[in-house]
file my_file-v3.pdb (PDB, C-alpha atoms)
ATOM      1  CA  MET M 441       1.732  21.475 -12.641
ATOM      2  CA  GLU M 442      -1.815  22.680 -11.950
ATOM      3  CA  LYS M 443      -3.600  22.089  -8.676
ATOM      4  CA  ASN M 444      -5.529  19.066  -9.943
ATOM      5  CA  GLU M 445      -2.564  17.470 -11.762
ATOM      6  CA  PHE M 446      -0.587  14.779  -9.969
ATOM      7  CA  ASP M 447       2.361  12.460 -10.405
ATOM      8  CA  VAL M 448       0.600   9.568  -8.659
ATOM      9  CA  VAL M 449      -2.950   9.112  -7.349
ATOM     10  CA  GLY M 450      -3.737   6.069  -5.185
ATOM     11  CA  PHE M 451      -6.895   4.071  -4.490
ATOM     12  CA  GLY M 452      -6.621   1.871  -1.420
ATOM     13  CA  ASN M 453      -7.930   0.742   1.949
ATOM     14  CA  SER M 454      -7.527   3.318   4.728
ATOM     15  CA  VAL M 455      -6.465   1.345   7.777
ATOM     16  CA  LEU M 456      -5.183   3.039  10.916
ATOM     17  CA  ASP M 457      -2.331   1.082  12.514
ATOM     18  CA  ILE M 458      -2.618   1.091  16.309
ATOM     19  CA  MET M 459       0.176  -0.565  18.311
ATOM     20  CA  VAL M 460       0.007  -1.318  22.037
ATOM     21  CA  ASN M 461       2.091  -3.408  24.460
ATOM     22  CA  VAL M 462       0.174  -6.136  26.316
ATOM     23  CA  ASP M 463       0.861  -9.314  28.277
ATOM     24  CA  ASP M 464      -0.036 -12.883  27.297
ATOM     25  CA  GLN M 465      -2.956 -12.971  29.736
ATOM     26  CA  MET M 466      -4.564 -10.050  27.953
ATOM     27  CA  LEU M 467      -4.356 -11.906  24.626
ATOM     28  CA  ASP M 468      -6.214 -14.807  26.220
ATOM     29  CA  GLU M 469      -8.894 -12.465  27.546
ATOM     30  CA  PHE M 470      -9.343 -11.035  24.024
ATOM     31  CA  ASN M 471      -9.443 -14.513  22.425
ATOM     32  CA  LEU M 472      -6.437 -13.672  20.274
ATOM     33  CA  ILE M 473      -3.917 -16.327  19.262
ATOM     34  CA  LYS M 474      -0.345 -15.073  19.601
ATOM     35  CA  GLY M 475       1.244 -14.228  16.265
ATOM     36  CA  ASN M 476      -2.022 -14.640  14.364
ATOM     37  CA  PHE M 477      -4.356 -12.371  12.437
ATOM     38  CA  LYS M 478      -8.045 -12.081  13.388
ATOM     39  CA  LEU M 479     -10.789 -10.199  11.552
ATOM     40  CA  ILE M 480     -13.092  -8.352  13.959
ATOM     41  CA  ASN M 481     -16.497  -6.722  13.521
ATOM     42  CA  ASP M 482     -17.643  -3.213  14.467
ATOM     43  CA  ASP M 483     -18.795  -4.225  17.955
ATOM     44  CA  GLU M 484     -15.435  -5.844  18.690
ATOM     45  CA  SER M 485     -13.654  -2.732  17.358
ATOM     46  CA  LYS M 486     -15.660  -0.544  19.736
ATOM     47  CA  PHE M 487     -14.754  -2.855  22.617
ATOM     48  CA  PHE M 488     -11.041  -2.670  21.785
ATOM     49  CA  ASN M 489     -11.183   1.111  21.302
ATOM     50  CA  GLU M 490     -12.704   1.452  24.771
ATOM     51  CA  PHE M 491      -9.915  -0.707  26.214
ATOM     52  CA  LEU M 492      -7.257   1.429  24.470
ATOM     53  CA  LYS M 493      -8.561   4.765  25.798
ATOM     54  CA  ASP M 494      -6.238   4.863  28.812
ATOM     55  CA  LYS M 495      -3.360   2.926  27.219
ATOM     56  CA  LYS M 496      -0.180   4.240  25.641
ATOM     57  CA  VAL M 497      -0.567   3.541  21.938
ATOM     58  CA  ILE M 498       1.309   4.390  18.746
ATOM     59  CA  LYS M 499      -0.984   5.386  15.879
ATOM     60  CA  SER M 500      -0.090   5.831  12.227
ATOM     61  CA  PRO M 501      -1.986   5.698   8.926
ATOM     62  CA  GLY M 502      -1.556   2.368   7.177
ATOM     63  CA  GLY M 503      -2.700   0.378   4.179
ATOM     64  CA  SER M 504      -0.570  -0.660   1.201
ATOM     65  CA  VAL M 505      -1.461   2.092  -1.269
ATOM     66  CA  SER M 506      -1.629   4.701   1.489
ATOM     67  CA  ASN M 507       1.965   3.839   2.477
ATOM     68  CA  THR M 508       3.061   4.014  -1.157
ATOM     69  CA  ILE M 509       1.401   7.382  -1.771
ATOM     70  CA  ALA M 510       2.962   8.736   1.423
ATOM     71  CA  GLY M 511       6.348   7.547   0.155
ATOM     72  CA  VAL M 512       5.926   9.268  -3.204
ATOM     73  CA  ALA M 513       5.014  12.481  -1.366
ATOM     74  CA  VAL M 514       8.097  12.278   0.887
ATOM     75  CA  LEU M 515      10.316  11.793  -2.172
ATOM     76  CA  GLY M 516       8.903  15.004  -3.636
ATOM     77  CA  GLY M 517       6.101  13.780  -5.878
ATOM     78  CA  LYS M 518       2.715  15.438  -6.118
ATOM     79  CA  THR M 519       0.126  12.964  -4.878
ATOM     80  CA  ALA M 520      -3.526  12.428  -3.983
ATOM     81  CA  TYR M 521      -5.165   9.567  -2.133
ATOM     82  CA  ILE M 522      -8.666   8.157  -2.664
ATOM     83  CA  GLY M 523      -9.818   6.282   0.434
ATOM     84  CA  GLY M 524     -12.770   5.961   2.741
ATOM     85  CA  ILE M 525     -12.758   7.016   6.388
ATOM     86  CA  GLY M 526     -15.430   7.037   9.072
ATOM     87  CA  ASP M 527     -16.822  10.125  10.762
ATOM     88  CA  ASP M 528     -14.834   9.315  13.895
ATOM     89  CA  GLU M 529     -11.682  10.557  15.622
ATOM     90  CA  TYR M 530      -9.547   7.880  13.936
ATOM     91  CA  GLY M 531     -10.713   9.048  10.519
ATOM     92  CA  GLU M 532      -9.818  12.654  11.333
ATOM     93  CA  PHE M 533      -6.407  11.570  12.626
ATOM     94  CA  TYR M 534      -5.765   9.491   9.499
ATOM     95  CA  LYS M 535      -6.673  12.354   7.184
ATOM     96  CA  LYS M 536      -4.639  14.904   9.166
ATOM     97  CA  GLU M 537      -1.496  12.737   9.060
ATOM     98  CA  MET M 538      -1.765  12.272   5.283
ATOM     99  CA  LEU M 539      -2.268  15.996   4.738
ATOM    100  CA  LYS M 540       0.877  16.695   6.796
ATOM    101  CA  LEU M 541       2.882  14.902   4.115
ATOM    102  CA  GLY M 542       1.394  17.080   1.398
ATOM    103  CA  VAL M 543      -0.974  14.408   0.061
ATOM    104  CA  THR M 544      -4.064  15.993  -1.514
ATOM    105  CA  ASP M 545      -7.358  15.124   0.167
ATOM    106  CA  PHE M 546      -9.562  12.869  -1.951
ATOM    107  CA  PHE M 547     -10.997  11.224   1.176
ATOM    108  CA  ILE M 548     -14.590  10.025   1.237
ATOM    109  CA  LYS M 549     -16.083  10.307   4.722
ATOM    110  CA  LYS M 550     -18.823   7.764   5.483
ATOM    111  CA  LYS M 551     -21.411   8.836   8.036
ATOM    112  CA  GLY M 552     -21.967   6.277  10.780
ATOM    113  CA  ALA M 553     -19.100   4.052   9.622
ATOM    114  CA  LEU M 554     -15.912   3.186  11.483
ATOM    115  CA  THR M 555     -12.481   3.957  10.079
ATOM    116  CA  GLY M 556     -10.532   0.798   9.226
ATOM    117  CA  GLN M 557      -8.215  -0.361  12.019
ATOM    118  CA  CYS M 558      -5.320  -2.758  12.396
ATOM    119  CA  LEU M 559      -4.757  -3.303  16.112
ATOM    120  CA  THR M 560      -1.300  -4.705  16.813
ATOM    121  CA  PHE M 561      -0.815  -6.243  20.261
ATOM    122  CA  ILE M 562       2.887  -6.606  21.124
ATOM    123  CA  THR M 563       3.796  -9.016  23.935
ATOM    124  CA  THR M 564       6.994  -8.859  26.000
ATOM    125  CA  ASP M 565       8.699 -11.421  23.725
ATOM    126  CA  GLY M 566       8.243  -9.040  20.759
ATOM    127  CA  GLU M 567       5.586 -11.200  19.091
ATOM    128  CA  ARG M 568       2.826  -9.316  17.277
ATOM    129  CA  SER M 569      -0.830 -10.379  17.203
ATOM    130  CA  PHE M 570      -3.390  -8.613  15.040
ATOM    131  CA  ALA M 571      -7.074  -7.704  15.185
ATOM    132  CA  VAL M 572      -8.284  -6.083  11.970
ATOM    133  CA  ASN M 573     -11.506  -4.379  10.923
ATOM    134  CA  LEU M 574     -11.457  -2.824   7.451
ATOM    135  CA  GLY M 575     -14.524  -0.754   8.314
ATOM    136  CA  LYS M 576     -17.444  -0.126   5.989
ATOM    137  CA  SER M 577     -15.894   3.271   5.258
ATOM    138  CA  ASN M 578     -13.531   1.496   2.847
ATOM    139  CA  TYR M 579     -16.284   0.368   0.471
ATOM    140  CA  ILE M 580     -16.448   3.121  -2.148
ATOM    141  CA  SER M 581     -18.822   3.151  -5.106
ATOM    142  CA  PRO M 582     -17.865   4.699  -8.491
ATOM    143  CA  ASN M 583     -20.284   7.631  -8.097
ATOM    144  CA  GLU M 584     -18.662   8.745  -4.808
ATOM    145  CA  ILE M 585     -15.469   9.833  -6.587
ATOM    146  CA  ASN M 586     -14.851  13.220  -8.178
ATOM    147  CA  TYR M 587     -13.061  12.442 -11.461
ATOM    148  CA  ASN M 588     -11.988  16.021 -12.070
ATOM    149  CA  PHE M 589      -8.230  15.426 -11.868
ATOM    150  CA  LYS M 590      -5.258  14.480 -14.005
ATOM    151  CA  THR M 591      -2.428  12.164 -13.059
ATOM    152  CA  LYS M 592       0.526  10.423 -14.665
ATOM    153  CA  ILE M 593      -0.057   7.194 -12.724
ATOM    154  CA  MET M 594      -3.055   5.653 -10.935
ATOM    155  CA  HIS M 595      -1.963   3.107  -8.303
ATOM    156  CA  ILE M 596      -4.401   0.460  -6.992
ATOM    157  CA  GLU M 597      -4.010  -2.340  -4.437
ATOM    158  CA  GLY M 598      -5.104  -5.926  -4.998
ATOM    159  CA  TYR M 599      -7.033  -5.946  -1.730
ATOM    160  CA  LYS M 600      -9.348  -3.335  -3.255
ATOM    161  CA  LEU M 601     -10.575  -5.839  -5.834
ATOM    162  CA  GLU M 602     -12.069  -8.285  -3.342
ATOM    163  CA  HIS M 603     -15.236  -6.371  -2.483
ATOM    164  CA  GLU M 604     -17.725  -6.088  -5.369
ATOM    165  CA  ILE M 605     -18.343  -2.350  -4.924
ATOM    166  CA  ASP M 606     -14.619  -1.553  -4.760
ATOM    167  CA  PHE M 607     -13.950  -3.784  -7.778
ATOM    168  CA  PHE M 608     -16.365  -1.778  -9.950
ATOM    169  CA  THR M 609     -14.823   1.455  -8.666
ATOM    170  CA  ALA M 610     -11.346   0.209  -9.520
ATOM    171  CA  LYS M 611     -12.511  -0.651 -13.048
ATOM    172  CA  LYS M 612     -14.005   2.838 -13.405
ATOM    173  CA  LEU M 613     -10.723   4.401 -12.244
ATOM    174  CA  VAL M 614      -8.807   2.290 -14.773
ATOM    175  CA  GLU M 615     -11.103   3.480 -17.570
ATOM    176  CA  TYR M 616     -10.828   7.095 -16.445
ATOM    177  CA  SER M 617      -7.033   6.896 -16.105
ATOM    178  CA  HIS M 618      -6.577   5.545 -19.614
ATOM    179  CA  MET M 619      -8.966   8.186 -20.942
ATOM    180  CA  ILE M 620      -6.729  10.958 -19.551
ATOM    181  CA  GLY M 621      -3.546   9.232 -20.736
ATOM    182  CA  ALA M 622      -2.382   7.917 -17.355
ATOM    183  CA  LYS M 623      -0.679   4.591 -16.653
ATOM    184  CA  VAL M 624      -2.385   2.215 -14.203
ATOM    185  CA  SER M 625      -0.312   0.399 -11.603
ATOM    186  CA  LEU M 626      -1.386  -2.573  -9.472
ATOM    187  CA  ASP M 627       0.217  -4.188  -6.439
ATOM    188  CA  VAL M 628      -1.058  -7.773  -6.237
ATOM    189  CA  ASN M 629      -0.573  -7.628  -2.424
ATOM    190  CA  ASP M 630      -1.124 -11.245  -1.477
ATOM    191  CA  VAL M 631      -1.294 -14.810  -2.796
ATOM    192  CA  GLY M 632      -4.686 -15.069  -1.114
ATOM    193  CA  VAL M 633      -6.028 -12.276  -3.342
ATOM    194  CA  ILE M 634      -4.923 -14.216  -6.433
ATOM    195  CA  ASN M 635      -6.446 -17.470  -5.224
ATOM    196  CA  ARG M 636      -9.739 -15.895  -4.180
ATOM    197  CA  LEU M 637     -10.232 -13.809  -7.329
ATOM    198  CA  GLY M 638      -8.940 -16.314  -9.904
ATOM    199  CA  GLU M 639      -9.959 -15.492 -13.479
ATOM    200  CA  LYS M 640     -11.559 -12.242 -12.352
ATOM    201  CA  LEU M 641      -8.106 -10.920 -11.435
ATOM    202  CA  LYS M 642      -6.472 -12.247 -14.609
ATOM    203  CA  ASN M 643      -9.064 -10.430 -16.715
ATOM    204  CA  PHE M 644      -8.539  -7.254 -14.704
ATOM    205  CA  LEU M 645      -4.779  -7.478 -15.333
ATOM    206  CA  LYS M 646      -5.349  -7.118 -19.081
ATOM    207  CA  ASP M 647      -5.985  -3.403 -18.484
ATOM    208  CA  ILE M 648      -3.025  -2.858 -16.128
ATOM    209  CA  ASP M 649       0.135  -1.130 -17.378
ATOM    210  CA  ILE M 650       2.449  -1.634 -14.375
ATOM    211  CA  LEU M 651       2.364  -4.760 -12.216
ATOM    212  CA  PHE M 652       4.193  -5.388  -8.913
ATOM    213  CA  MET M 653       4.494  -8.924  -7.560
ATOM    214  CA  ASN M 654       6.788 -10.969  -5.336
ATOM    215  CA  GLU M 655       7.992 -14.535  -5.962
ATOM    216  CA  ASN M 656       5.034 -16.235  -4.256
ATOM    217  CA  GLU M 657       2.516 -14.037  -6.055
ATOM    218  CA  ALA M 658       4.288 -14.640  -9.378
ATOM    219  CA  LYS M 659       4.080 -18.394  -8.789
ATOM    220  CA  ALA M 660       0.353 -18.167  -8.026
ATOM    221  CA  LEU M 661      -0.297 -16.031 -11.114
ATOM    222  CA  THR M 662       1.856 -17.796 -13.694
ATOM    223  CA  GLY M 663       3.214 -21.044 -12.234
ATOM    224  CA  PHE M 664       6.715 -19.529 -12.276
ATOM    225  CA  SER M 665       8.649 -17.621  -9.592
ATOM    226  CA  ASP M 666      11.583 -16.520 -11.773
ATOM    227  CA  GLU M 667      12.124 -14.542 -14.979
ATOM    228  CA  ARG M 668       9.617 -16.748 -16.811
ATOM    229  CA  ALA M 669       6.879 -15.081 -14.745
ATOM    230  CA  LEU M 670       7.946 -11.696 -16.128
ATOM    231  CA  ASN M 671       7.743 -12.986 -19.696
ATOM    232  CA  GLU M 672       4.285 -14.406 -19.018
ATOM    233  CA  MET M 673       2.883 -11.222 -17.428
ATOM    234  CA  GLU M 674       4.461  -9.023 -20.096
ATOM    235  CA  LYS M 675       1.782 -10.364 -22.435
ATOM    236  CA  SER M 676      -0.727  -8.274 -20.444
ATOM    237  CA  CYS M 677       1.299  -5.511 -18.787
ATOM    238  CA  GLU M 678       3.756  -3.014 -20.249
ATOM    239  CA  ILE M 679       6.035  -2.998 -17.164
ATOM    240  CA  VAL M 680       6.345  -5.910 -14.727
ATOM    241  CA  ILE M 681       8.348  -5.844 -11.489
ATOM    242  CA  LEU M 682       9.355  -9.006  -9.650
ATOM    243  CA  LYS M 683      10.401  -8.255  -6.054
ATOM    244  CA  LEU M 684      12.905 -10.811  -4.763
ATOM    245  CA  GLY M 685      13.472  -9.569  -1.202
ATOM    246  CA  GLU M 686      17.107  -9.902  -0.157
ATOM    247  CA  LYS M 687      17.948 -10.983  -3.734
ATOM    248  CA  GLY M 688      16.913  -7.613  -5.160
ATOM    249  CA  SER M 689      14.390  -7.240  -7.973
ATOM    250  CA  ILE M 690      13.929  -7.564 -11.719
ATOM    251  CA  ILE M 691      12.186  -4.954 -13.849
ATOM    252  CA  ARG M 692      10.830  -6.097 -17.203
ATOM    253  CA  ALA M 693      10.269  -3.184 -19.601
ATOM    254  CA  ASN M 694      10.934  -2.433 -23.252
ATOM    255  CA  LYS M 695      11.404  -6.176 -23.929
ATOM    256  CA  LYS M 696      14.406  -6.129 -21.609
ATOM    257  CA  ASN M 697      15.225  -7.266 -18.066
ATOM    258  CA  TYR M 698      16.821  -4.827 -15.629
ATOM    259  CA  ASN M 699      18.409  -6.776 -12.759
ATOM    260  CA  ILE M 700      18.446  -4.571  -9.659
ATOM    261  CA  ALA M 701      20.924  -5.430  -6.926
ATOM    262  CA  PRO M 702      19.710  -5.632  -3.323
ATOM    263  CA  VAL M 703      20.877  -3.251  -0.616
ATOM    264  CA  PHE M 704      22.359  -5.021   2.384
ATOM    265  CA  VAL M 705      20.763  -3.975   5.674
ATOM    266  CA  LYS M 706      22.873  -4.680   8.749
ATOM    267  CA  ASN M 707      20.412  -3.587  11.419
ATOM    268  CA  MET M 708      16.978  -4.630  10.178
ATOM    269  CA  VAL M 709      14.175  -3.562  12.530
ATOM    270  CA  ASN M 710      10.881  -4.265  10.747
ATOM    271  CA  THR M 711      10.156  -5.493   7.201
ATOM    272  CA  ASN M 712       6.610  -4.072   7.331
ATOM    273  CA  GLY M 713       6.218  -1.544   4.511
ATOM    274  CA  ALA M 714       9.320  -2.543   2.519
ATOM    275  CA  GLY M 715       7.307  -3.481  -0.576
ATOM    276  CA  ASP M 716       5.187  -0.338  -0.324
ATOM    277  CA  ALA M 717       8.353   1.777  -0.111
ATOM    278  CA  TYR M 718       9.850   0.050  -3.160
ATOM    279  CA  GLN M 719       6.701   0.835  -5.126
ATOM    280  CA  ALA M 720       6.702   4.446  -3.943
ATOM    281  CA  ALA M 721      10.234   5.045  -5.208
ATOM    282  CA  PHE M 722       9.561   3.161  -8.441
ATOM    283  CA  LEU M 723       6.419   5.142  -9.261
ATOM    284  CA  TYR M 724       8.090   8.406  -8.287
ATOM    285  CA  GLY M 725      11.024   7.681 -10.603
ATOM    286  CA  LEU M 726       8.750   6.608 -13.437
ATOM    287  CA  SER M 727       6.655   9.769 -13.100
ATOM    288  CA  LYS M 728       9.888  11.787 -13.437
ATOM    289  CA  ASN M 729      10.965   9.842 -16.553
ATOM    290  CA  LEU M 730      14.123   8.434 -14.952
ATOM    291  CA  ASP M 731      15.781   5.432 -16.596
ATOM    292  CA  PHE M 732      14.950   1.993 -15.199
ATOM    293  CA  GLU M 733      18.417   1.319 -13.790
ATOM    294  CA  LYS M 734      18.230   4.476 -11.684
ATOM    295  CA  ILE M 735      14.602   3.870 -10.745
ATOM    296  CA  GLY M 736      15.480   0.383  -9.513
ATOM    297  CA  LYS M 737      18.458   1.637  -7.514
ATOM    298  CA  ILE M 738      16.398   4.343  -5.793
ATOM    299  CA  ALA M 739      13.634   1.815  -5.062
ATOM    300  CA  SER M 740      16.083  -0.656  -3.498
ATOM    301  CA  ILE M 741      17.670   1.976  -1.269
ATOM    302  CA  PHE M 742      14.325   3.469  -0.240
ATOM    303  CA  SER M 743      12.940   0.058   0.773
ATOM    304  CA  ALA M 744      16.184  -0.712   2.646
ATOM    305  CA  ASP M 745      15.874   2.589   4.502
ATOM    306  CA  ILE M 746      12.362   1.699   5.667
ATOM    307  CA  VAL M 747      13.308  -1.688   7.194
ATOM    308  CA  ARG M 748      15.737   0.120   9.510
ATOM    309  CA  ARG M 749      12.714   1.747  11.162
ATOM    310  CA  ASN M 750       9.787   0.628  13.329
ATOM    311  CA  GLU M 751       7.318   2.599  11.217
ATOM    312  CA  ALA M 752       6.150   1.567   7.732
ATOM    313  CA  ARG M 753       6.644   5.075   6.297
ATOM    314  CA  PHE M 754       8.773   8.212   6.578
ATOM    315  CA  GLU M 755       7.589  11.523   8.013
ATOM    316  CA  ASN M 756       9.793  13.653   5.753
ATOM    317  CA  LEU M 757      12.850  13.664   3.500
ATOM    318  CA  ASP M 758      15.182  14.375   6.447
ATOM    319  CA  ASN M 759      14.731  10.758   7.621
ATOM    320  CA  LEU M 760      16.263   9.358   4.423
ATOM    321  CA  SER M 761      19.830   8.170   3.896
ATOM    322  CA  GLU M 762      22.302  10.516   2.228
ATOM    323  CA  GLU M 763      22.711   8.038  -0.630
ATOM    324  CA  ILE M 764      19.112   8.306  -1.757
ATOM    325  CA  LYS M 765      19.074  12.077  -1.278
ATOM    326  CA  GLY M 766      22.004  12.251  -3.701
ATOM    327  CA  LEU M 767      20.192  10.136  -6.298
ATOM    328  CA  LEU M 768      17.125  12.360  -6.132
ATOM    329  CA  HIS M 769      19.062  15.471  -7.155
TER
END
call {"tool": "encode", "arguments": {"input": "my_file-v3.pdb", "output": "structure tokens"}}
result
Amino acid sequence: MEKNEFDVVGFGNSVLDIMVNVDDQMLDEFNLIKGNFKLINDDESKFFNEFLKDKKVIKSPGGSVSNTIAGVAVLGGKTAYIGGIGDDEYGEFYKKEMLKLGVTDFFIKKKGALTGQCLTFITTDGERSFAVNLGKSNYISPNEINYNFKTKIMHIEGYKLEHEIDFFTAKKLVEYSHMIGAKVSLDVNDVGVINRLGEKLKNFLKDIDILFMNENEAKALTGFSDERALNEMEKSCEIVILKLGEKGSIIRANKKNYNIAPVFVKNMVNTNGAGDAYQAAFLYGLSKNLDFEKIGKIASIFSADIVRRNEARFENLDNLSEEIKGLLH
């Protein structure tokens, strides 16, 4: 495989996850409601960053597609990531951590813009409260991307379709991917994305080859949350995956359903990143031409491995269970 040829290339929002322990009083001072999600602007981000300077924090790159691309890289796939970062220390940290995993740098650095941040405030009762700023660095126009690459799969997140500039860029990447013979994969991400985009999303799906959705997203898209949703979406997409959480998943491909059994997790720590991990293993397996039964099994185990951890991604293959290592060889 040449330098500019990849198994999977991703286009997503670059959001740095920053976790810090606080008390309830501090939440009140920050006007945050415990357990809730709050969008913040650049000035508020700068205020929080100043507060965090002398605090013990845990930082890690985040974002749905970013997590998935990192997962493909850990499994041994050749990957690249297209995402915007600011010309700040968080952007440099984000990029450095992705490069450590072997992900090729397709980052677009925006001068004067902040890197996207998801601040997670953890109180003594374990409850998490969020302050999020996507950062203007995440808005990428079609002419900012260098299209001189080849890939087997282009993976895009639904969140990327909500901003007009990113939507046009996603459409351009779909066109380019099909021109070079690549499959295009989309993670719907959220029922809210479906409701906000409406027909715009449904039209976009006509050009998607691989679609990931959970039961709630399937219901919002088709009116069904079971196998009927797969049949409905198969009219647009070649491969459709319905993620059923603890009930496993169903893969619809080649006019056939592949029922994938769940993996029981005794000591679950954090479900954050489970769906991203499933997609990583699925796309890795598909890029290696594995059969769907094996792809589904690897995806189930990989996502089960991630929920045993605090982090939403793995640092390297050594962190994986022996079962999945055996399936990869």
call {"tool": "residues_around", "arguments": {"input": "my_file-v3.pdb", "residues": "Val631 (chain M)", "least_positions_apart": "4", "cutoff": "9 Å", "atoms": "only C-alpha atoms", "output": "PyMOL selection string"}}
result
chain M and resi 635-636+656-661
call {"tool": "closest_residue", "arguments": {"input": "my_file-v3.pdb", "among": "M:Ile509, M:Ile458, M:Glu584, M:Glu639", "to": "Ala717 (chain M)", "atoms": "all atoms listed in the file"}}
result
M:Ile509
call {"tool": "resolve_selection", "arguments": {"input": "my_file-v3.pdb", "expression": "the PyMOL selection byres ((chain M and resi 723-728) around 7)", "output": "ChimeraX atom specification"}}
result
/M:447,512,517,592,719-722,729-730,735
call {"tool": "resolve_selection", "arguments": {"input": "my_file-v3.pdb", "expression": "the PyMOL selection byres ((chain M and resi 467) around 12)", "output": "list of chain:residue names"}}
result
M:Val460, M:Asn461, M:Val462, M:Asp463, M:Asp464, M:Gln465, M:Met466, M:Asp468, M:Glu469, M:Phe470, M:Asn471, M:Leu472, M:Ile473, M:Lys474, M:Gly475, M:Asn476, M:Lys478, M:Phe488, M:Thr560, M:Phe561, M:Ile562, M:Thr563, M:Thr564, M:Glu567, M:Arg568, M:Ser569, M:Phe570, M:Ala571
call {"tool": "closest_residue", "arguments": {"input": "my_file-v3.pdb", "among": "M:Gly511, M:Asp731, M:Lys495, M:Asp647", "to": "Met538 (chain M)", "atoms": "all atoms listed in the file"}}
result
M:Gly511
call {"tool": "axis_aligned_box", "arguments": {"input": "my_file-v3.pdb", "around": "region 514-521 of chain M", "padding_each_side": "8 Å", "output": "lines of an AutoDock Vina configuration file"}}
result
center_x = 2.6
center_y = 12.5
center_z = -2.6
size_x = 31.5
size_y = 21.9
size_z = 23.0
call {"tool": "closest_residue", "arguments": {"input": "my_file-v3.pdb", "among": "M:Gly450, M:Gly688, M:Gly556, M:Gly516", "to": "Glu529 (chain M)", "atoms": "only C-alpha atoms"}}
result
M:Gly556
call {"tool": "resolve_selection", "arguments": {"input": "my_file-v3.pdb", "expression": "the PyMOL selection byres ((chain M and resi 594) around 6)", "output": "ChimeraX atom specification"}}
result
/M:448-450,593,595,624-625
call {"tool": "decode", "arguments": {"input": "my_file-v3.pdb", "residues": "region 571-603 of chain M", "atoms": "C-alpha atoms", "output": "mmCIF file, in the first residue's frame"}}
result
data_model
loop_
_atom_site.group_PDB
_atom_site.id
_atom_site.type_symbol
_atom_site.label_atom_id
_atom_site.label_comp_id
_atom_site.auth_asym_id
_atom_site.auth_seq_id
_atom_site.Cartn_x
_atom_site.Cartn_y
_atom_site.Cartn_z
ATOM 1 C CA ALA M 571 -19.618 22.189 28.741
ATOM 2 C CA VAL M 572 -18.964 21.918 25.008
ATOM 3 C CA ASN M 573 -17.547 24.277 22.399
ATOM 4 C CA LEU M 574 -17.065 22.761 18.943
ATOM 5 C CA GLY M 575 -14.749 25.619 17.991
ATOM 6 C CA LYS M 576 -14.740 27.382 14.642
ATOM 7 C CA SER M 577 -11.745 25.224 13.721
ATOM 8 C CA ASN M 578 -14.207 22.414 12.954
ATOM 9 C CA TYR M 579 -15.897 24.244 10.075
ATOM 10 C CA ILE M 580 -14.016 23.070 6.984
ATOM 11 C CA SER M 581 -14.778 24.183 3.439
ATOM 12 C CA PRO M 582 -14.303 21.862 0.412
ATOM 13 C CA ASN M 583 -11.317 23.834 -0.926
ATOM 14 C CA GLU M 584 -9.344 23.379 2.328
ATOM 15 C CA ILE M 585 -8.907 19.643 1.707
ATOM 16 C CA ASN M 586 -6.143 18.033 -0.333
ATOM 17 C CA TYR M 587 -7.888 15.299 -2.351
ATOM 18 C CA ASN M 588 -4.671 13.601 -3.394
ATOM 19 C CA PHE M 589 -5.286 10.291 -1.611
ATOM 20 C CA LYS M 590 -6.892 6.905 -2.113
ATOM 21 C CA THR M 591 -8.914 4.955 0.413
ATOM 22 C CA LYS M 592 -11.126 1.888 0.579
ATOM 23 C CA ILE M 593 -13.637 3.569 2.902
ATOM 24 C CA MET M 594 -14.510 7.192 3.724
ATOM 25 C CA HIS M 595 -16.216 7.487 7.131
ATOM 26 C CA ILE M 596 -18.300 10.571 8.031
ATOM 27 C CA GLU M 597 -20.251 11.519 11.164
ATOM 28 C CA GLY M 598 -23.814 12.814 11.165
ATOM 29 C CA TYR M 599 -22.833 15.780 13.320
ATOM 30 C CA LYS M 600 -20.712 17.005 10.404
ATOM 31 C CA LEU M 601 -23.820 17.543 8.288
ATOM 32 C CA GLU M 602 -25.398 20.158 10.546
ATOM 33 C CA HIS M 603 -23.229 23.127 9.593
#
